[in-house]
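A.B. asks: Right, I'll just put the structure down here and ask away after.
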Amino acid sequence: MYIEHLSLTNFRNYARLETTFPKIPIVLFGANAQGKTSLLEAIYYLATSRSPYTTSDRQLIHWRMQDDPTPFARLVAEIVSASGVYHQLEITLLLENQRFKKVIRHNGMDKRVMDVVGLLKVVLFLPQDLALVEGSPAERRRFMDTTLAQVDQTYYQALELYERVMPQRNALLRRIAEQQGSIQELDYWDEQLVQAGSVIIAGRQQFLRELEHDAQRAHYDLTGGSETLTLQYLPSFQPTAEGKGQLSFDLLGMDLHRQISPEDIMPQFAEQLVAERAESIRRGATLSGPHRDELRLLINTRDAGLYGSRGQARTAVMALKLAELEWMKARTGDYPILLLDEVIAELDKARRAYLLERIDGKTQTLLTTTELDIFSQAFMERVAVWQIEAGQVTKLSG
Ligand SMILES: Nc1ncnc2c1ncn2[C@@H]1O[C@H](COP(=O)(O)OP(=O)(O)O)[C@@H](O)[C@H]1O
Ligand SMILES: [Mg+2]
């Protein structure tokens, strides 16, 4: 898929932007704080309805709207899928009577977020992603979730439900501890949590199994065949194919090659939640479930987060990101848009060359940089260069 046209109104420091996109890679070039990242953020937001940076949509609206009675920001993308189908996707954020609203339109018709999931798909690669392997488990869960939620509506809905139900259940657990709530009330929340959680666990297991193959291939290439990458899914609640699942500390993680369906997981997960109720009430928290899942990356069977060098960990992340592109293509028939924020400058020459070569001609790519001389002459000749200055785009070439 590719974006043909993008229009931004009052999004971050873009008061107004109207621009057509070429299919060749677009290099967004400019000094710091000019709006390069914000442009990628706009595309990411159109794809996921979330910002990768902020949890408050308010921050996305241009400051010049601050004193306006009805502040708003609007993002519109015209997208063409691999099969040639045209879509117009529009998101308007507005503040009305102190209430924040998000209006989504697809080809002019009002839609819910979940209806437009997958219309625009992106893979975002940030400099901080290079620390994905050594970073916190939450970042690796987010990696799985943003990828899956873009291509799988069921997963998207399950994730949304899970994230909504969890705090409510935890609040109830604390009320019960203070003798202000009843244990029976837990049944309702447990049922929701189990349904959503089981879809998430099954989805992650399948995702990692499918991803591993491409990740392995890219990693093999990047290391000249000297290293083997494996993915290890360590769900906090580990269902077993035979049923009767329980919290397991099996170091091998979940068997990625033996698919378990959400229906298989549900009764086991429900049983586990009941078994640990007393402890959950004491601690005021839900103790097992996908919110505590772990994904580990192993290089030659050693945990890269614990024992790998920084370079090895980075190579693994690159392999993972390239695999993410291929996985989305395999799952949906369409390559996502690739957004690379300042990543190229962070890579050494060999990794840089491999990345640019692998994405060539496959996906629409936008990459940001403060310097142009990090790219080869040959690369510069087949890309578009846009200069970004104070929320304005000037097309220099391409
Ligand atoms: N809501 C907003 N309204 C106006 N400007 C904003 C808003 N949010 C952030 N900015 C500003 O937009 C500028 C562009 O930031 P960014 O896209 O991160 O720049 P770059 O990636 O080019 O370094 C920054 O100066 C930032 O302070
Ligand atoms: Mg930036």
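Letters A, B, ... go to the chains of the structure tokens in the order shown; residues in each chain start at 1; ligands are counted from 1 in the same order.
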So that I can see what lies close to A:Tyr335, please list as an mmCIF file with N, CA, C and O atoms, in the first residue's frame the residues with an atom at most 10 Å from it, counting only C-alpha atoms and leaving out residues fewer than 4 positions away in the same chain.

C.D. replies:
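Result file part.cif:
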data_model
loop_
_atom_site.group_PDB
_atom_site.id
_atom_site.type_symbol
_atom_site.label_atom_id
_atom_site.label_comp_id
_atom_site.auth_asym_id
_atom_site.auth_seq_id
_atom_site.Cartn_x
_atom_site.Cartn_y
_atom_site.Cartn_z
ATOM 1 N N MET A 1 0.838 -1.188 0.000
ATOM 2 C CA MET A 1 0.000 0.000 0.000
ATOM 3 C C MET A 1 0.879 1.246 0.000
ATOM 4 O O MET A 1 2.037 1.183 0.376
ATOM 5 N N TYR A 2 0.301 2.307 -0.462
ATOM 6 C CA TYR A 2 1.051 3.548 -0.343
ATOM 7 C C TYR A 2 0.109 4.736 -0.142
ATOM 8 O O TYR A 2 -1.071 4.674 -0.485
ATOM 9 N N SER A 81 -4.309 0.662 -1.904
ATOM 10 C CA SER A 81 -3.843 -0.663 -1.460
ATOM 11 C C SER A 81 -3.133 -1.369 -2.611
ATOM 12 O O SER A 81 -3.189 -0.930 -3.755
ATOM 13 N N ALA A 82 -2.495 -2.490 -2.296
ATOM 14 C CA ALA A 82 -1.753 -3.244 -3.312
ATOM 15 C C ALA A 82 -2.666 -3.659 -4.464
ATOM 16 O O ALA A 82 -2.252 -3.726 -5.612
ATOM 17 N N LYS A 121 -1.529 0.624 7.229
ATOM 18 C CA LYS A 121 -0.664 -0.123 8.136
ATOM 19 C C LYS A 121 0.744 0.465 8.116
ATOM 20 O O LYS A 121 1.233 0.847 7.056
ATOM 21 N N VAL A 122 1.344 0.529 9.280
ATOM 22 C CA VAL A 122 2.699 1.079 9.342
ATOM 23 C C VAL A 122 3.615 0.211 10.198
ATOM 24 O O VAL A 122 3.152 -0.499 11.091
ATOM 25 N N VAL A 123 4.882 0.288 9.895
ATOM 26 C CA VAL A 123 5.907 -0.208 10.807
ATOM 27 C C VAL A 123 6.763 0.997 11.146
ATOM 28 O O VAL A 123 7.306 1.649 10.257
ATOM 29 N N GLU A 324 8.826 -7.976 10.752
ATOM 30 C CA GLU A 324 7.506 -7.371 10.971
ATOM 31 C C GLU A 324 6.893 -6.930 9.636
ATOM 32 O O GLU A 324 5.714 -7.154 9.371
ATOM 33 N N LEU A 325 7.726 -6.327 8.793
ATOM 34 C CA LEU A 325 7.273 -5.911 7.452
ATOM 35 C C LEU A 325 6.773 -7.111 6.654
ATOM 36 O O LEU A 325 5.693 -7.090 6.075
ATOM 37 N N GLU A 326 7.587 -8.155 6.629
ATOM 38 C CA GLU A 326 7.258 -9.340 5.831
ATOM 39 C C GLU A 326 6.021 -10.047 6.392
ATOM 40 O O GLU A 326 5.202 -10.569 5.648
ATOM 41 N N TRP A 327 5.920 -10.040 7.722
ATOM 42 C CA TRP A 327 4.779 -10.702 8.352
ATOM 43 C C TRP A 327 3.465 -9.993 7.977
ATOM 44 O O TRP A 327 2.475 -10.626 7.654
ATOM 45 N N MET A 328 3.502 -8.670 8.013
ATOM 46 C CA MET A 328 2.293 -7.921 7.653
ATOM 47 C C MET A 328 1.904 -8.182 6.208
ATOM 48 O O MET A 328 0.740 -8.310 5.876
ATOM 49 N N LYS A 329 2.917 -8.257 5.369
ATOM 50 C CA LYS A 329 2.661 -8.536 3.957
ATOM 51 C C LYS A 329 2.049 -9.939 3.804
ATOM 52 O O LYS A 329 1.064 -10.137 3.084
ATOM 53 N N ALA A 330 2.618 -10.913 4.503
ATOM 54 C CA ALA A 330 2.121 -12.285 4.405
ATOM 55 C C ALA A 330 0.694 -12.389 4.942
ATOM 56 O O ALA A 330 -0.150 -13.076 4.376
ATOM 57 N N ARG A 331 0.408 -11.677 6.020
ATOM 58 C CA ARG A 331 -0.900 -11.772 6.652
ATOM 59 C C ARG A 331 -1.981 -11.034 5.854
ATOM 60 O O ARG A 331 -3.126 -11.438 5.815
ATOM 61 N N LYS A 362 10.073 -2.074 -2.183
ATOM 62 C CA LYS A 362 9.016 -2.927 -1.657
ATOM 63 C C LYS A 362 7.918 -2.118 -1.003
ATOM 64 O O LYS A 362 6.742 -2.327 -1.233
ATOM 65 N N THR A 363 8.355 -1.234 -0.131
ATOM 66 C CA THR A 363 7.410 -0.514 0.702
ATOM 67 C C THR A 363 7.605 0.967 0.510
ATOM 68 O O THR A 363 8.696 1.415 0.174
ATOM 69 N N GLN A 364 6.551 1.709 0.715
ATOM 70 C CA GLN A 364 6.728 3.160 0.748
ATOM 71 C C GLN A 364 7.430 3.480 2.065
ATOM 72 O O GLN A 364 7.007 3.033 3.126
#

A.B. asks: Where in stretch 195-300 of chain A does DSSP assign strand (DSSP E or B), given as a list in words?

C.D. replies: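 The residues of stretch 195-300 of chain A classed as strand (DSSP E or B) are Leu229, Thr230, Leu231, Gln232, Tyr233, Leu234, Glu294, Leu295, Arg296, Leu297, Leu298 and Ile299 of chain A.
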
A.B. asks: Nearest residue to ligand 2 out of A:Ile201, A:Leu46, A:Leu193, A:Leu339, using only C-alpha atoms and all ligand atoms?

C.D. replies: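 Counting only C-alpha atoms and all ligand atoms, the residue closest to ligand 2 is A:Leu339.
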
A.B. asks: Give one line per residue of chain A that approaches ligand 2 to at most 7 Å, naming the two atoms of the closest pair and their distance in Å to one decimal, counting only C-alpha atoms and all ligand atoms; sort by chain then ascending residue number and deliver it as a Markdown table.

C.D. replies:
| residue | atom | partner | partner_atom_place_in_ligand_line | distance |
| --- | --- | --- | --- | --- |
| A:Asn32 | CA | ligand 2 | 1 (Mg) | 6.5 |
| A:Ala33 | CA | ligand 2 | 1 (Mg) | 6.5 |
| A:Gly35 | CA | ligand 2 | 1 (Mg) | 6.9 |
| A:Lys36 | CA | ligand 2 | 1 (Mg) | 5.4 |
| A:Thr37 | CA | ligand 2 | 1 (Mg) | 4.1 |
| A:Asp341 | CA | ligand 2 | 1 (Mg) | 6.7 |

A.B. asks: Could you please determine the separation between atom 10 (N, counted along the ligand's line) of ligand 1 and atom CA of A:Thr394 in Å, to one decimal place?

C.D. replies: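 Atom 10 (N, counted along the ligand's line) of ligand 1 sits 18.8 Å away from atom CA of A:Thr394.
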
A.B. asks: Please return as a list in words the residues found within 7 Å of ligand 1, counting only C-alpha atoms and all ligand atoms.

C.D. replies: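 Sorted by chain and then by number, the residues are Phe11, Arg12, Asn13, Gly30, Ala31, Asn32, Ala33, Gln34, Gly35, Lys36, Thr37, Ser38, Leu39, Gln59, Leu60, Ile61, His62, Trp63 and Arg64 of chain A.
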
A.B. asks: From the set A:Gly308, A:Gly197, A:Pro52, A:Pro262, which residue has the shortest atom-to-atom contact distance to A:Arg164, counting only C-alpha atoms?

C.D. replies: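 Under the stated criterion, the closest residue is A:Gly197.
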
A.B. asks: My list of candidates is A:Glu227, A:Glu342, A:Asp190, A:Glu96. Which is closest to A:Ala270 when distances are computed with only C-alpha atoms?

C.D. replies: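 Looking at the shortest contact to A:Ala270, the residue is A:Asp190.
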
A.B. asks: For A:Gly361, list every protein, DNA or RNA residue within 12 Å, evaluated using only C-alpha atoms, and leave out those in the same chain fewer than 6 positions away; present the list as a PyMOL selection string.

C.D. replies: chain A and resi 1-2+22-26+335+337-338+379+382-383

A.B. asks: By how many Å are atom CA of A:Thr70 and atom CA of A:Ile104 apart?

C.D. replies: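 Going from atom CA of A:Thr70 over to atom CA of A:Ile104 covers 17.4 Å.
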
A.B. asks: Please compute the atom CA of A:Arg204-atom CA of A:Leu148 distance, one decimal, in Å.

C.D. replies: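 Going from atom CA of A:Arg204 over to atom CA of A:Leu148 covers 7.9 Å.
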
A.B. asks: Could you tell me which of A:Ala177, A:Leu126, A:Leu8, A:Leu119 comes closest to A:Arg74 if we count only C-alpha atoms?

C.D. replies: A:Leu8
